[in-house]
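A.B. asks: The structure is given below, and queries will be raised subsequently.
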Amino acid sequence: MFVKKKKINLLEQAISELNKIMQEGNFVELSYLLGNKKEMFIRNFFAGISRGVGIGIGVTIITAILVIILQKIVTLNIPIIGEYIADIVEIVQRSR
């Protein structure tokens, strides 16, 4: 009898631990998504659009900061570097 209760107790602990692991890994939501192709497509579509917009905004901001820094370097009149940077800034401003 004692051995049977001990085995049941170990089994309950194992099931409890497995349940906890599945909840932490969002296993139920994952299995739901795998079953529903339309929802998975919609979610991935909007995630892709969000990433694209974020990358576009980020590149624009970083490029603007670099152009501003390059313009500041040109005003310092460093002989060799200033000429190259002035050409780069001029090309960027012409393309706007």
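Chain labels A, B, ... are given in the sequence in which chains occur in the structure tokens; within each chain residues are numbered consecutively from 1, and ligands are likewise numbered from 1 in the order shown.
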Might you pull out every residue within 9 Å of region 65-76 of chain A, with only C-alpha atoms counted and same-chain residues fewer than 2 positions away left off, and present them as a ChimeraX atom specification?

C.D. replies: /A:60-63,78,81-86,88-89,92

A.B. asks: Store the residues picked out above in a file with N, CA and C atoms, as a PDB file, in the first residue's frame.

C.D. replies:
ATOM      1  N   THR A  60      16.273  55.413 -41.515  1.00  0.00           N
ATOM      2  CA  THR A  60      16.124  56.838 -41.805  1.00  0.00           C
ATOM      3  C   THR A  60      16.729  57.686 -40.696  1.00  0.00           C
ATOM      4  N   ILE A  61      16.453  57.328 -39.452  1.00  0.00           N
ATOM      5  CA  ILE A  61      16.981  58.100 -38.324  1.00  0.00           C
ATOM      6  C   ILE A  61      18.498  57.996 -38.260  1.00  0.00           C
ATOM      7  N   ILE A  62      19.031  56.805 -38.414  1.00  0.00           N
ATOM      8  CA  ILE A  62      20.487  56.625 -38.346  1.00  0.00           C
ATOM      9  C   ILE A  62      21.179  57.364 -39.497  1.00  0.00           C
ATOM     10  N   THR A  63      20.601  57.316 -40.696  1.00  0.00           N
ATOM     11  CA  THR A  63      21.182  58.027 -41.835  1.00  0.00           C
ATOM     12  C   THR A  63      21.164  59.532 -41.597  1.00  0.00           C
ATOM     13  N   ILE A  78      38.860  69.921 -42.057  1.00  0.00           N
ATOM     14  CA  ILE A  78      39.979  68.977 -42.047  1.00  0.00           C
ATOM     15  C   ILE A  78      40.363  68.766 -43.512  1.00  0.00           C
ATOM     16  N   ILE A  81      39.992  64.734 -45.312  1.00  0.00           N
ATOM     17  CA  ILE A  81      38.711  64.101 -44.973  1.00  0.00           C
ATOM     18  C   ILE A  81      37.554  65.021 -45.306  1.00  0.00           C
ATOM     19  N   GLY A  82      37.714  66.317 -45.101  1.00  0.00           N
ATOM     20  CA  GLY A  82      36.638  67.280 -45.331  1.00  0.00           C
ATOM     21  C   GLY A  82      36.139  67.280 -46.760  1.00  0.00           C
ATOM     22  N   GLU A  83      37.056  67.137 -47.730  1.00  0.00           N
ATOM     23  CA  GLU A  83      36.654  67.146 -49.135  1.00  0.00           C
ATOM     24  C   GLU A  83      35.792  65.924 -49.479  1.00  0.00           C
ATOM     25  N   TYR A  84      36.213  64.763 -49.007  1.00  0.00           N
ATOM     26  CA  TYR A  84      35.442  63.541 -49.277  1.00  0.00           C
ATOM     27  C   TYR A  84      34.065  63.595 -48.623  1.00  0.00           C
ATOM     28  N   ILE A  85      34.043  64.065 -47.401  1.00  0.00           N
ATOM     29  CA  ILE A  85      32.766  64.136 -46.686  1.00  0.00           C
ATOM     30  C   ILE A  85      31.862  65.177 -47.333  1.00  0.00           C
ATOM     31  N   ALA A  86      32.423  66.279 -47.779  1.00  0.00           N
ATOM     32  CA  ALA A  86      31.628  67.298 -48.456  1.00  0.00           C
ATOM     33  C   ALA A  86      30.989  66.722 -49.715  1.00  0.00           C
ATOM     34  N   ILE A  88      30.225  63.540 -50.214  1.00  0.00           N
ATOM     35  CA  ILE A  88      29.183  62.594 -49.782  1.00  0.00           C
ATOM     36  C   ILE A  88      27.927  63.338 -49.359  1.00  0.00           C
ATOM     37  N   VAL A  89      28.088  64.405 -48.574  1.00  0.00           N
ATOM     38  CA  VAL A  89      26.934  65.187 -48.110  1.00  0.00           C
ATOM     39  C   VAL A  89      26.229  65.833 -49.298  1.00  0.00           C
ATOM     40  N   VAL A  92      24.150  63.191 -51.095  1.00  0.00           N
ATOM     41  CA  VAL A  92      22.935  62.853 -50.319  1.00  0.00           C
ATOM     42  C   VAL A  92      21.904  63.956 -50.432  1.00  0.00           C
TER      43      VAL A  92
END
